[in-house]
>>> print(open('my_file.cif').read())   # mmCIF, C-alpha atoms and all ligand atoms
data_final
loop_
_atom_site.label_atom_id
_atom_site.label_comp_id
_atom_site.auth_asym_id
_atom_site.auth_seq_id
_atom_site.Cartn_x
_atom_site.Cartn_y
_atom_site.Cartn_z
CA MET A 1 192.00 70.43 210.46
CA GLN A 2 188.88 70.74 212.56
CA ALA A 3 186.28 73.41 213.09
CA LEU A 4 186.76 75.65 216.12
CA LYS A 5 185.14 74.63 219.39
CA GLY A 6 181.60 75.96 219.47
CA PHE A 7 181.55 76.53 215.70
CA LYS A 8 179.45 74.05 213.79
CA ASP A 9 179.05 72.82 210.24
CA ILE A 10 175.44 72.45 209.17
CA LEU A 11 175.30 69.43 206.91
CA PRO A 12 172.59 69.09 204.24
CA ASP A 13 170.29 66.84 206.32
CA GLU A 14 170.12 69.53 208.97
CA ALA A 15 170.18 72.44 206.54
CA VAL A 16 166.75 71.31 205.33
CA LEU A 17 165.36 72.09 208.77
CA TRP A 18 167.12 75.46 208.77
CA GLN A 19 165.40 76.26 205.51
CA GLN A 20 162.09 75.31 207.06
CA VAL A 21 162.72 77.64 210.01
CA GLU A 22 163.86 80.52 207.83
CA SER A 23 161.12 80.23 205.24
CA THR A 24 158.41 79.91 207.89
CA ALA A 25 159.84 82.96 209.67
CA ARG A 26 159.94 84.99 206.46
CA GLU A 27 156.36 84.04 205.65
CA VAL A 28 155.01 84.86 209.13
CA PHE A 29 156.98 88.13 209.29
CA ARG A 30 155.71 89.15 205.86
CA ARG A 31 152.13 88.74 207.00
CA PHE A 32 152.83 91.00 209.98
CA GLY A 33 154.32 93.67 207.71
CA PHE A 34 157.99 93.14 208.57
CA GLU A 35 160.69 93.89 206.00
CA GLU A 36 164.13 92.35 205.78
CA ILE A 37 167.27 94.32 206.52
CA LYS A 38 170.76 92.90 206.01
CA VAL A 39 173.52 94.26 208.22
CA PRO A 40 177.24 93.58 208.76
CA ILE A 41 178.61 91.06 211.21
CA LEU A 42 181.45 93.32 212.35
CA GLU A 43 180.98 96.64 214.16
CA LYS A 44 182.94 99.00 216.35
CA THR A 45 183.20 97.55 219.85
CA ALA A 46 181.73 100.71 221.38
CA LEU A 47 178.37 100.04 219.72
CA PHE A 48 177.85 96.89 221.78
CA ALA A 49 179.42 98.19 224.97
CA ARG A 50 177.09 101.20 224.89
CA SER A 51 173.88 99.34 224.08
CA ILE A 52 174.13 95.93 225.77
CA GLY A 53 175.85 97.46 228.81
CA GLU A 54 179.43 97.38 230.11
CA ALA A 55 178.54 95.31 233.16
CA THR A 56 176.74 92.46 231.39
CA ASP A 57 178.06 88.93 230.85
CA ILE A 58 178.02 89.45 227.10
CA VAL A 59 180.21 92.54 227.14
CA GLU A 60 182.35 91.53 230.13
CA LYS A 61 183.33 88.06 228.99
CA GLU A 62 181.65 86.79 225.84
CA MET A 63 182.52 89.10 222.95
CA TYR A 64 184.87 88.27 220.11
CA THR A 65 186.77 91.52 220.13
CA PHE A 66 190.00 92.25 218.32
CA THR A 67 192.09 95.11 217.07
CA ASP A 68 192.16 95.32 213.30
CA ARG A 69 195.06 96.41 211.11
CA ASN A 70 194.18 100.07 211.64
CA GLY A 71 194.34 99.68 215.40
CA GLU A 72 190.58 99.99 215.78
CA SER A 73 188.70 97.81 218.29
CA LEU A 74 186.10 95.73 216.44
CA THR A 75 183.62 93.12 217.65
CA MET A 76 181.83 90.24 215.94
CA ARG A 77 178.23 91.03 216.79
CA PRO A 78 176.92 89.11 219.81
CA GLU A 79 173.30 90.07 219.05
CA GLY A 80 171.31 91.84 216.38
CA THR A 81 169.48 94.79 217.91
CA ALA A 82 172.45 97.14 218.33
CA THR A 83 173.50 96.68 214.72
CA VAL A 84 170.02 97.12 213.27
CA LEU A 85 169.55 100.26 215.35
CA ARG A 86 172.90 101.60 214.19
CA ALA A 87 171.72 101.12 210.59
CA PHE A 88 168.29 102.61 211.40
CA ILE A 89 169.96 105.74 212.74
CA GLU A 90 172.65 105.96 210.06
CA HIS A 91 170.07 105.85 207.25
CA ALA A 92 167.51 108.03 209.03
CA MET A 93 164.99 105.27 208.50
CA HIS A 94 162.45 107.01 210.75
CA LEU A 95 161.83 109.32 207.77
CA ARG A 96 161.02 106.33 205.60
CA ARG A 97 158.09 104.94 207.55
CA PRO A 98 156.30 106.08 210.72
CA ILE A 99 156.93 102.62 212.15
CA ASN A 100 159.78 100.57 210.72
CA ARG A 101 159.15 96.87 211.11
CA LEU A 102 162.42 95.12 210.38
CA PHE A 103 163.80 91.62 210.59
CA THR A 104 167.19 90.13 209.96
CA VAL A 105 168.63 86.62 209.86
CA GLY A 106 172.23 85.69 210.49
CA PRO A 107 175.09 84.56 212.71
CA MET A 108 175.96 85.92 216.17
CA PHE A 109 179.13 85.29 218.15
CA ARG A 110 179.56 84.76 221.89
CA HIS A 111 182.46 83.12 223.64
CA GLU A 112 180.41 80.84 225.88
CA ARG A 113 180.93 77.28 227.08
CA PRO A 114 179.65 75.15 224.20
CA GLN A 115 176.97 72.57 224.97
CA LYS A 116 173.74 71.33 223.45
CA GLY A 117 171.93 74.37 222.04
CA ARG A 118 174.78 76.68 223.06
CA LEU A 119 177.42 77.57 220.50
CA ARG A 120 179.99 80.26 219.96
CA GLN A 121 178.70 80.99 216.49
CA PHE A 122 174.94 80.67 216.56
CA HIS A 123 172.18 82.12 214.42
CA GLN A 124 169.15 84.22 215.10
CA VAL A 125 166.09 85.45 213.35
CA SER A 126 165.52 88.79 215.00
CA VAL A 127 162.93 91.49 214.59
CA GLU A 128 162.73 95.13 215.61
CA ALA A 129 159.67 97.39 215.47
CA LEU A 130 160.78 101.00 215.76
CA GLY A 131 158.79 104.18 216.20
CA ALA A 132 155.85 103.58 218.54
CA ASP A 133 155.46 103.03 222.27
CA SER A 134 151.91 101.74 222.02
CA PRO A 135 151.32 98.55 224.03
CA ARG A 136 149.46 97.34 220.98
CA LEU A 137 152.78 97.09 219.14
CA ASP A 138 154.15 94.93 221.98
CA ALA A 139 151.17 92.61 221.62
CA GLU A 140 151.62 92.44 217.85
CA VAL A 141 155.30 91.58 218.12
CA ILE A 142 154.72 88.98 220.82
CA ALA A 143 151.83 87.48 218.87
CA MET A 144 154.12 87.23 215.85
CA ALA A 145 156.77 85.34 217.87
CA HIS A 146 154.05 83.03 219.13
CA GLN A 147 152.69 82.51 215.62
CA LEU A 148 156.10 81.54 214.28
CA LEU A 149 156.32 78.75 216.84
CA VAL A 150 152.76 77.65 216.08
CA GLU A 151 153.52 77.43 212.37
CA LEU A 152 156.69 75.46 213.04
CA GLY A 153 154.57 73.06 215.08
CA LEU A 154 156.57 73.81 218.23
CA LYS A 155 155.44 74.28 221.78
CA ALA A 156 156.97 76.85 224.11
CA GLU A 157 155.77 78.71 227.15
CA LEU A 158 155.52 82.48 226.85
CA GLN A 159 156.58 84.35 229.98
CA LEU A 160 156.00 88.05 230.35
CA ASN A 161 157.39 90.69 232.68
CA SER A 162 157.91 94.43 232.87
CA LEU A 163 161.26 95.96 233.78
CA GLY A 164 159.83 99.43 234.31
CA CYS A 165 161.35 102.65 233.05
CA PRO A 166 163.86 105.29 234.21
CA GLU A 167 161.08 106.70 236.42
CA CYS A 168 160.40 103.61 238.47
CA ARG A 169 163.58 101.61 238.18
CA PRO A 170 165.68 103.62 240.64
CA GLY A 171 163.10 102.95 243.38
CA HIS A 172 163.27 99.24 242.72
CA ARG A 173 167.04 99.33 242.49
CA GLN A 174 167.24 100.85 245.95
CA LYS A 175 165.04 98.14 247.45
CA LEU A 176 166.96 95.45 245.61
CA VAL A 177 170.38 96.70 246.71
CA ALA A 178 169.19 96.91 250.33
CA PHE A 179 167.87 93.34 250.09
CA LEU A 180 171.07 92.04 248.47
CA ASN A 181 173.25 93.74 251.05
CA ARG A 182 171.25 92.10 253.83
CA HIS A 183 172.03 88.70 252.28
CA ARG A 184 175.42 89.47 250.89
CA GLU A 185 177.15 86.41 252.35
CA GLN A 186 174.77 84.12 250.41
CA LEU A 187 175.70 85.60 247.03
CA CYS A 188 178.34 84.15 244.72
CA GLN A 189 181.59 86.10 244.14
CA ASP A 190 180.35 87.56 240.85
CA CYS A 191 177.09 88.72 242.37
CA GLN A 192 178.76 90.35 245.36
CA ARG A 193 180.48 92.54 242.82
CA ARG A 194 177.26 93.04 240.84
CA VAL A 195 175.41 94.48 243.83
CA GLU A 196 177.23 97.74 243.09
CA SER A 197 177.87 97.52 239.35
CA ASN A 198 174.58 96.10 238.09
CA PRO A 199 172.25 94.70 240.77
CA LEU A 200 169.55 93.59 238.29
CA ARG A 201 172.07 91.11 236.90
CA VAL A 202 172.04 89.28 240.24
CA LEU A 203 168.45 88.26 239.53
CA ASP A 204 169.72 86.52 236.39
CA CYS A 205 172.49 84.53 238.12
CA LYS A 206 172.44 80.80 237.45
CA SER A 207 174.22 79.69 240.65
CA ALA A 208 172.02 77.68 243.02
CA ASN A 209 172.45 79.91 246.08
CA CYS A 210 171.74 83.13 244.23
CA ARG A 211 168.72 81.61 242.60
CA GLN A 212 167.27 80.56 245.89
CA LEU A 213 167.76 84.04 247.26
CA ASN A 214 166.38 85.71 244.14
CA ALA A 215 163.02 84.04 244.61
CA GLU A 216 162.56 86.29 247.66
CA ALA A 217 164.04 89.46 246.19
CA PRO A 218 161.78 92.49 245.63
CA ALA A 219 160.21 92.17 242.16
CA ILE A 220 160.18 95.10 239.76
CA LEU A 221 156.55 94.38 239.05
CA ASP A 222 155.72 95.63 242.54
CA SER A 223 157.56 98.92 241.98
CA LEU A 224 156.16 99.91 238.57
CA CYS A 225 155.08 103.53 238.15
CA ARG A 226 151.55 104.20 236.98
CA PRO A 227 152.32 104.56 233.23
CA CYS A 228 154.37 101.35 233.24
CA GLU A 229 151.62 99.53 235.07
CA ASP A 230 149.03 100.77 232.58
CA HIS A 231 151.26 99.76 229.68
CA LEU A 232 151.54 96.22 231.02
CA THR A 233 147.80 96.00 231.61
CA LEU A 234 147.12 96.96 228.00
CA VAL A 235 149.70 94.51 226.62
CA ARG A 236 148.05 91.76 228.63
CA ARG A 237 144.59 92.78 227.49
CA ASP A 238 145.66 92.66 223.84
CA LEU A 239 147.41 89.31 224.23
CA GLU A 240 144.25 87.93 225.74
CA ALA A 241 142.19 89.39 222.89
CA LEU A 242 144.51 87.64 220.40
CA GLU A 243 144.34 84.44 222.43
CA VAL A 244 148.09 84.28 222.92
CA PRO A 245 148.66 82.25 226.08
CA TYR A 246 151.25 83.60 228.53
CA SER A 247 152.19 83.65 232.17
CA LEU A 248 153.59 86.48 234.21
CA ASN A 249 157.10 85.95 235.61
CA PRO A 250 158.03 88.86 237.90
CA PHE A 251 161.58 87.49 238.28
CA MET A 252 162.55 87.47 234.63
CA VAL A 253 165.41 89.83 233.86
CA ARG A 254 167.13 89.83 230.53
CA GLY A 255 170.89 89.58 230.04
CA LEU A 256 171.09 92.96 228.29
CA ASP A 257 170.77 96.35 229.95
CA TYR A 258 168.76 98.17 227.33
CA TYR A 259 165.34 96.72 228.08
CA THR A 260 162.51 98.84 229.47
CA ARG A 261 158.94 97.86 230.30
CA THR A 262 157.78 94.74 228.43
CA THR A 263 160.16 91.78 228.34
CA PHE A 264 159.34 88.23 227.38
CA GLU A 265 160.88 84.83 226.88
CA LEU A 266 159.75 81.71 225.08
CA LEU A 267 160.74 78.68 227.10
CA THR A 268 160.80 74.97 226.51
CA ASP A 269 161.70 72.04 228.73
CA ALA A 270 162.97 69.95 225.83
CA LEU A 271 166.49 71.37 225.59
CA GLY A 272 167.92 70.83 229.07
CA ALA A 273 169.58 73.90 230.52
CA GLN A 274 169.12 75.81 227.27
CA SER A 275 165.47 76.52 227.94
CA ALA A 276 165.01 79.78 226.01
CA VAL A 277 164.19 79.48 222.31
CA GLY A 278 163.54 83.16 221.99
CA ALA A 279 163.42 86.35 223.97
CA GLY A 280 162.88 90.03 223.58
CA GLY A 281 161.40 93.21 224.90
CA ARG A 282 160.97 96.93 224.67
CA TYR A 283 163.97 99.29 224.57
CA ASP A 284 162.52 102.78 224.59
CA GLY A 285 165.70 104.75 225.34
CA LEU A 286 168.09 102.84 223.13
CA VAL A 287 167.80 104.64 219.79
CA ARG A 288 168.53 107.95 221.48
CA GLN A 289 171.28 106.44 223.58
CA LEU A 290 172.98 105.38 220.34
CA GLY A 291 172.80 108.92 218.99
CA GLY A 292 169.52 108.71 217.08
CA PRO A 293 166.14 110.41 217.47
CA ASP A 294 164.17 109.78 220.66
CA LEU A 295 162.14 106.87 219.30
CA PRO A 296 160.90 103.82 221.16
CA GLY A 297 161.16 100.25 219.94
CA ILE A 298 160.55 96.63 220.72
CA GLY A 299 162.03 93.42 219.34
CA PHE A 300 162.90 89.80 219.89
CA ALA A 301 165.34 87.18 218.70
CA MET A 302 164.99 83.44 218.30
CA GLY A 303 167.89 81.03 218.12
CA ILE A 304 167.77 78.99 214.93
CA GLU A 305 169.90 76.14 216.37
CA ARG A 306 167.47 75.71 219.24
CA LEU A 307 164.44 75.81 216.93
CA VAL A 308 166.08 73.15 214.73
CA LEU A 309 166.83 70.97 217.78
CA LEU A 310 163.19 71.25 218.80
CA LEU A 311 162.03 70.34 215.30
CA GLN A 312 164.28 67.29 215.41
CA GLU A 313 163.00 66.28 218.83
CA GLN A 314 159.34 67.07 218.45
CA ASN A 315 158.71 65.86 214.91
CA GLY A 316 161.58 63.79 213.61
CA THR A 317 160.37 64.71 210.13
CA PRO A 318 161.76 62.54 207.33
CA LEU A 319 163.80 64.60 204.92
CA PRO A 320 162.04 65.49 201.71
CA GLY A 321 163.69 63.88 198.68
CA PRO A 322 163.48 64.85 195.01
CA ASP A 323 160.13 64.73 193.24
CA LEU A 324 161.35 62.38 190.59
CA PHE A 325 164.20 59.99 189.85
CA LEU A 326 164.71 58.90 186.24
CA ALA A 327 165.85 55.29 186.02
CA CYS A 328 167.10 54.54 182.50
CA LEU A 329 167.91 51.17 180.95
CA GLY A 330 170.43 51.34 178.14
CA GLU A 331 172.25 54.16 176.46
CA PRO A 332 169.54 55.58 174.15
CA ALA A 333 167.21 55.67 177.16
CA ALA A 334 169.88 57.41 179.22
CA ASP A 335 170.47 59.98 176.47
CA TYR A 336 166.76 60.64 176.21
CA GLY A 337 166.45 60.66 180.00
CA PHE A 338 169.12 63.32 180.27
CA THR A 339 167.14 65.77 178.13
CA LEU A 340 163.93 64.82 179.93
CA LEU A 341 165.70 65.55 183.22
CA GLN A 342 166.37 69.09 182.05
CA GLN A 343 162.75 69.51 180.90
CA CYS A 344 161.47 68.33 184.28
CA ARG A 345 163.74 70.76 186.09
CA LEU A 346 162.69 73.65 183.88
CA ALA A 347 159.07 72.72 184.58
CA GLY A 348 159.69 73.12 188.32
CA LEU A 349 160.25 69.55 189.51
CA SER A 350 163.30 68.54 191.49
CA ALA A 351 164.64 65.65 189.47
CA LEU A 352 167.74 63.47 189.50
CA MET A 353 169.18 60.59 187.50
CA ASP A 354 172.20 58.36 187.62
CA VAL A 355 175.22 59.72 185.76
CA GLN A 356 177.56 56.78 186.24
CA GLY A 357 175.98 54.17 183.96
CA ARG A 358 174.76 51.98 186.84
CA GLY A 359 172.37 49.06 186.38
CA LEU A 360 168.62 49.37 186.93
CA LYS A 361 168.67 47.71 190.34
CA SER A 362 171.31 50.10 191.60
CA GLN A 363 169.39 53.06 190.16
CA MET A 364 166.22 51.97 191.96
CA LYS A 365 168.23 51.71 195.17
CA GLN A 366 169.51 55.24 194.67
CA ALA A 367 165.98 56.53 194.18
CA ASP A 368 164.94 54.86 197.39
CA ARG A 369 167.88 56.15 199.37
CA LEU A 370 167.24 59.67 198.14
CA ASN A 371 163.65 59.33 199.36
CA SER A 372 162.42 60.27 195.90
CA ARG A 373 158.64 60.53 195.60
CA PHE A 374 158.43 59.00 192.12
CA VAL A 375 160.60 56.96 189.79
CA LEU A 376 160.19 57.06 186.05
CA ILE A 377 161.52 53.88 184.47
CA ILE A 378 162.57 54.29 180.86
CA GLY A 379 163.71 51.22 178.90
CA ASP A 380 164.80 51.21 175.25
CA GLU A 381 161.64 49.36 174.21
CA GLU A 382 159.34 51.68 176.10
CA LEU A 383 161.20 54.60 174.64
CA ALA A 384 160.58 53.29 171.11
CA ALA A 385 156.88 53.09 171.99
CA GLY A 386 156.98 56.63 173.43
CA GLN A 387 156.14 55.43 176.92
CA ALA A 388 157.60 54.92 180.35
CA VAL A 389 156.49 53.51 183.68
CA LEU A 390 155.89 55.93 186.55
CA ARG A 391 156.04 54.44 190.05
CA ASN A 392 154.87 56.22 193.16
CA LEU A 393 157.40 55.18 195.80
CA THR A 394 155.07 56.03 198.67
CA THR A 395 152.10 53.94 197.51
CA GLY A 396 153.84 51.51 195.15
CA GLU A 397 151.28 52.36 192.44
CA GLU A 398 152.48 52.21 188.85
CA HIS A 399 151.12 53.44 185.60
CA ARG A 400 152.28 54.13 182.07
CA VAL A 401 152.81 57.70 180.97
CA ALA A 402 153.27 58.99 177.45
CA LEU A 403 156.61 60.59 176.69
CA ASN A 404 155.53 62.50 173.63
CA ASP A 405 153.06 65.03 174.89
CA GLN A 406 155.21 67.70 176.49
CA LEU A 407 155.23 65.84 179.79
CA GLY A 408 151.59 66.69 180.49
CA ASP A 409 150.88 63.29 182.05
CA LEU A 410 154.03 63.22 184.05
CA LEU A 411 153.82 66.74 185.40
CA GLN A 412 150.22 66.28 186.39
CA THR A 413 150.94 63.21 188.48
CA VAL A 414 154.28 64.16 189.96
CA GLY A 415 153.68 67.89 190.29
CA GLY A 416 150.12 67.42 191.50
CA ALA A 417 150.77 65.64 194.78
CA ASP A 418 151.05 67.79 197.92
CA GLY A 419 152.12 70.90 196.10
CA ALA A 420 155.51 69.51 195.14
CA GLY A 421 157.03 70.78 191.96
CA THR A 422 155.63 74.24 192.42
P1 LIG A 501 170.48 81.98 227.42
O1 LIG A 501 169.70 82.33 228.65
O2 LIG A 501 170.17 80.60 226.91
O3 LIG A 501 171.94 82.25 227.54
P2 LIG A 501 170.16 84.56 226.28
O4 LIG A 501 169.21 85.22 227.21
O5 LIG A 501 171.60 84.84 226.42
O6 LIG A 501 169.92 82.97 226.30
P3 LIG A 501 169.40 86.20 224.06
O7 LIG A 501 170.58 87.06 224.14
O8 LIG A 501 168.11 86.74 224.54
O9 LIG A 501 169.70 84.81 224.79
O10 LIG A 501 169.24 85.64 222.59
C1 LIG A 501 167.97 85.20 222.08
C2 LIG A 501 168.01 83.74 221.67
O11 LIG A 501 169.21 83.43 220.97
C3 LIG A 501 168.00 82.77 222.82
O12 LIG A 501 166.69 82.57 223.28
C4 LIG A 501 168.58 81.53 222.19
O13 LIG A 501 167.59 80.82 221.45
C5 LIG A 501 169.59 82.09 221.24
N1 LIG A 501 170.94 82.03 221.79
C6 LIG A 501 171.53 82.91 222.65
N2 LIG A 501 172.80 82.54 222.91
C7 LIG A 501 173.02 81.40 222.21
C8 LIG A 501 174.15 80.52 222.05
N3 LIG A 501 175.31 80.76 222.64
N4 LIG A 501 174.01 79.44 221.25
C9 LIG A 501 172.85 79.19 220.62
N5 LIG A 501 171.76 79.98 220.71
C10 LIG A 501 171.83 81.07 221.49
MG MG A 502 173.22 83.91 227.33
#
>>> encode(input="my_file.cif", output="structure tokens")
Amino acid sequence: MQALKGFKDILPDEAVLWQQVESTAREVFRRFGFEEIKVPILEKTALFARSIGEATDIVEKEMYTFTDRNGESLTMRPEGTATVLRAFIEHAMHLRRPINRLFTVGPMFRHERPQKGRLRQFHQVSVEALGADSPRLDAEVIAMAHQLLVELGLKAELQLNSLGCPECRPGHRQKLVAFLNRHREQLCQDCQRRVESNPLRVLDCKSANCRQLNAEAPAILDSLCRPCEDHLTLVRRDLEALEVPYSLNPFMVRGLDYYTRTTFELLTDALGAQSAVGAGGRYDGLVRQLGGPDLPGIGFAMGIERLVLLLQEQNGTPLPGPDLFLACLGEPAADYGFTLLQQCRLAGLSALMDVQGRGLKSQMKQADRLNSRFVLIIGDEELAAGQAVLRNLTTGEEHRVALNDQLGDLLQTVGGADGAGT
């Protein structure tokens, strides 16, 4: 039996990097006042069709949709925003806080062609800030996305655009449709159809011809109404005040219909065609569109797989091993070691020992292979003298530690180095 195409097992070596991504995200989000929300993976299909948009790639051809035993059409969520907003509305969360700052972490499902950094089950950390249309909130959210990458030690380019609002979009749409009709024969089959159904989508097409044409298409940025223009100006001013570097990309359109005004993407050139590590934007009409109060919001999502790939490529960090390996010579030493192992673990160290009665040489090899930071060597004679030898595997330094003083010596040395054991 094998895993499904585009579905991936995350083995322990890689899971360590996932933990790094998730814990860094949680820490950064906490500092920005974001709270975790956990939501289901399965929803009614209509939720996604109504929010993402019927004429988008995701809804048209990428969703895992099926009829359940009650004959109801359900979909494995392809993204997080619709679900979080459904929960926000269902629990009247706008009564809970004036601005709800929420994040969630979990799997998403899209039936795409699998390749490096593109899976059918992938994972996102995603955030939503609901309840204010202030450009300051946009800057905060974008600065938070930027900060997460900084703290992961990753480099990505931030691109910013505005998609306007229901006031100014129709004007742009008209210009765009006229332009596309003038060049209709250059468009791919899909895009010829999109000119009527969803012309903005054409700007997102990956085919070479369409892309060439799109570079000359009328940009929304040039059609923004006054309030949208002012909003963008203030977002930019705040980003500059926070020293978040960005560039303006008037041709960026997102693959989901719900975006208004501010949109942004975080791009890298280290992942081939999969250049976006994260993306997001404002969606001021969406809560109401889903049946909730008329409240604005902004959010973003980052793909964990792509962040992990970048970590692997940019750092190649060696995997952290246990703090301590207990190497025991002889049975009394092993018996003593086993209780010491428990004490070490209760004291907060990650500690391991051999459980198969292997010889000392083989135990030392194990410690090395595990990338343990320290080895404590306990022989029967040392044990009788209440002592053992502690070796730092990074520096090779050795010294004797007493075994009879509630581990004070041991914990101080092993637990003291670079915060391990805490
Ligand atoms: P792309 O242009 O690469 O298809 P997208 O615009 O469809 O990305 P979003 O819907 O904005 O992506 O999702 C946000 C992030 O989720 C992306 O920047 C990416 O890191 C990640 N992501 C999206 N689809 C996939 C996928 N199929 N496999 C892995 N990660 C994904
Ligand atoms: Mg996509």
>>> residues_around(input="my_file.cif", residues="A:Pro12", least_positions_apart="5", cutoff="12 Å", atoms="only C-alpha atoms", output="list in words")
Leu17, Trp18, Gln19, Leu319, Pro320 and Gly321 of chain A
>>> atom_distance(input="my_file.cif", atom1="atom N5 of ligand LIG 501 (chain A)", atom2="atom CA of A:Arg118")
5.1 Å
>>> closest_residue(input="my_file.cif", among="A:Tyr336, A:Phe34, A:Tyr258, A:Phe325", to="ligand LIG 501 (chain A)", atoms="only C-alpha atoms and all ligand atoms")
A:Tyr258
>>> residues_around(input="my_file.cif", residues="stretch 173-182 of chain A", least_positions_apart="2", cutoff="8 Å", atoms="all atoms listed in the file", output="VMD selection string")
chain A and resid 169 to 171 184 195 to 196 199 to 200 217 to 218
>>> closest_residue(input="my_file.cif", among="A:Gly131, A:Gly255, A:Gly291, A:Pro332", to="ligand LIG 501 (chain A)", atoms="only C-alpha atoms and all ligand atoms")
A:Gly255
>>> residues_around(input="my_file.cif", residues="A:Pro250", least_positions_apart="6", cutoff="9 Å", atoms="only C-alpha atoms", output="PyMOL selection string")
chain A and resi 160-163+219-222
>>> residues_near_ligand(input="my_file.cif", ligand="ligand MG 502 (chain A)", cutoff="8 Å", atoms="only C-alpha atoms and all ligand atoms", output="ChimeraX atom specification")
/A:57-58,112,255
>>> closest_residue(input="my_file.cif", among="A:Gly280, A:Pro135, A:Gly408, A:Gly337", to="A:Ala351", atoms="all atoms listed in the file")
A:Gly337
>>> residues_near_point(input="my_file.cif", point="(177.8, 78.4, 217.2)", cutoff="7 Å", atoms="only C-alpha atoms", output="list in words")
Gly6, Phe7, Lys8, Arg118, Leu119, Arg120, Gln121 and Phe122 of chain A
>>> residues_around(input="my_file.cif", residues="A:Val244", least_positions_apart="5", cutoff="12 Å", atoms="only C-alpha atoms", output="ChimeraX atom specification")
/A:139-147,149-150,156-160,235-239
>>> closest_atom_pairs(input="my_file.cif", of="chain A", to="ligand LIG 501 (chain A)", cutoff="8 Å", atoms="only C-alpha atoms and all ligand atoms", output="JSON lines")
{"residue": "A:Ile58", "atom": "CA", "partner": "A:LIG501", "partner_atom": "O5", "distance": 7.9}
{"residue": "A:Pro78", "atom": "CA", "partner": "A:LIG501", "partner_atom": "O7", "distance": 7.9}
{"residue": "A:Glu79", "atom": "CA", "partner": "A:LIG501", "partner_atom": "O7", "distance": 6.5}
{"residue": "A:Phe109", "atom": "CA", "partner": "A:LIG501", "partner_atom": "N3", "distance": 7.4}
{"residue": "A:Arg110", "atom": "CA", "partner": "A:LIG501", "partner_atom": "N3", "distance": 5.9}
{"residue": "A:His111", "atom": "CA", "partner": "A:LIG501", "partner_atom": "N3", "distance": 7.6}
{"residue": "A:Glu112", "atom": "CA", "partner": "A:LIG501", "partner_atom": "N3", "distance": 6.0}
{"residue": "A:Arg113", "atom": "CA", "partner": "A:LIG501", "partner_atom": "N3", "distance": 8.0}
{"residue": "A:Pro114", "atom": "CA", "partner": "A:LIG501", "partner_atom": "N3", "distance": 7.3}
{"residue": "A:Gly117", "atom": "CA", "partner": "A:LIG501", "partner_atom": "C9", "distance": 5.1}
{"residue": "A:Arg118", "atom": "CA", "partner": "A:LIG501", "partner_atom": "N4", "distance": 3.4}
{"residue": "A:Leu119", "atom": "CA", "partner": "A:LIG501", "partner_atom": "N4", "distance": 4.0}
{"residue": "A:Arg120", "atom": "CA", "partner": "A:LIG501", "partner_atom": "N3", "distance": 5.4}
{"residue": "A:Gln121", "atom": "CA", "partner": "A:LIG501", "partner_atom": "N4", "distance": 6.9}
{"residue": "A:Phe122", "atom": "CA", "partner": "A:LIG501", "partner_atom": "C9", "distance": 4.8}
{"residue": "A:His123", "atom": "CA", "partner": "A:LIG501", "partner_atom": "N5", "distance": 6.7}
{"residue": "A:Gln124", "atom": "CA", "partner": "A:LIG501", "partner_atom": "O11", "distance": 5.9}
{"residue": "A:Arg254", "atom": "CA", "partner": "A:LIG501", "partner_atom": "O4", "distance": 6.0}
{"residue": "A:Gly255", "atom": "CA", "partner": "A:LIG501", "partner_atom": "O4", "distance": 5.5}
{"residue": "A:Leu256", "atom": "CA", "partner": "A:LIG501", "partner_atom": "O7", "distance": 7.2}
{"residue": "A:Glu265", "atom": "CA", "partner": "A:LIG501", "partner_atom": "O12", "distance": 7.2}
{"residue": "A:Leu266", "atom": "CA", "partner": "A:LIG501", "partner_atom": "O12", "distance": 7.2}
{"residue": "A:Ala273", "atom": "CA", "partner": "A:LIG501", "partner_atom": "O2", "distance": 7.6}
{"residue": "A:Gln274", "atom": "CA", "partner": "A:LIG501", "partner_atom": "O2", "distance": 4.9}
{"residue": "A:Ser275", "atom": "CA", "partner": "A:LIG501", "partner_atom": "O2", "distance": 6.3}
{"residue": "A:Ala276", "atom": "CA", "partner": "A:LIG501", "partner_atom": "O12", "distance": 4.2}
{"residue": "A:Val277", "atom": "CA", "partner": "A:LIG501", "partner_atom": "O13", "distance": 3.8}
{"residue": "A:Gly278", "atom": "CA", "partner": "A:LIG501", "partner_atom": "O12", "distance": 3.5}
{"residue": "A:Ala279", "atom": "CA", "partner": "A:LIG501", "partner_atom": "O8", "distance": 4.7}
{"residue": "A:Gly280", "atom": "CA", "partner": "A:LIG501", "partner_atom": "O8", "distance": 6.3}
{"residue": "A:Phe300", "atom": "CA", "partner": "A:LIG501", "partner_atom": "C1", "distance": 7.2}
{"residue": "A:Ala301", "atom": "CA", "partner": "A:LIG501", "partner_atom": "C1", "distance": 4.7}
{"residue": "A:Met302", "atom": "CA", "partner": "A:LIG501", "partner_atom": "C2", "distance": 4.5}
{"residue": "A:Gly303", "atom": "CA", "partner": "A:LIG501", "partner_atom": "O13", "distance": 3.4}
{"residue": "A:Ile304", "atom": "CA", "partner": "A:LIG501", "partner_atom": "O13", "distance": 6.8}
{"residue": "A:Glu305", "atom": "CA", "partner": "A:LIG501", "partner_atom": "C9", "distance": 6.0}
{"residue": "A:Arg306", "atom": "CA", "partner": "A:LIG501", "partner_atom": "O13", "distance": 5.6}
{"residue": "A:Leu307", "atom": "CA", "partner": "A:LIG501", "partner_atom": "O13", "distance": 7.4}
>>> closest_residue(input="my_file.cif", among="A:Thr56, A:Ser51, A:Gln212, A:Thr67", to="A:Val84", atoms="all atoms listed in the file")
A:Ser51
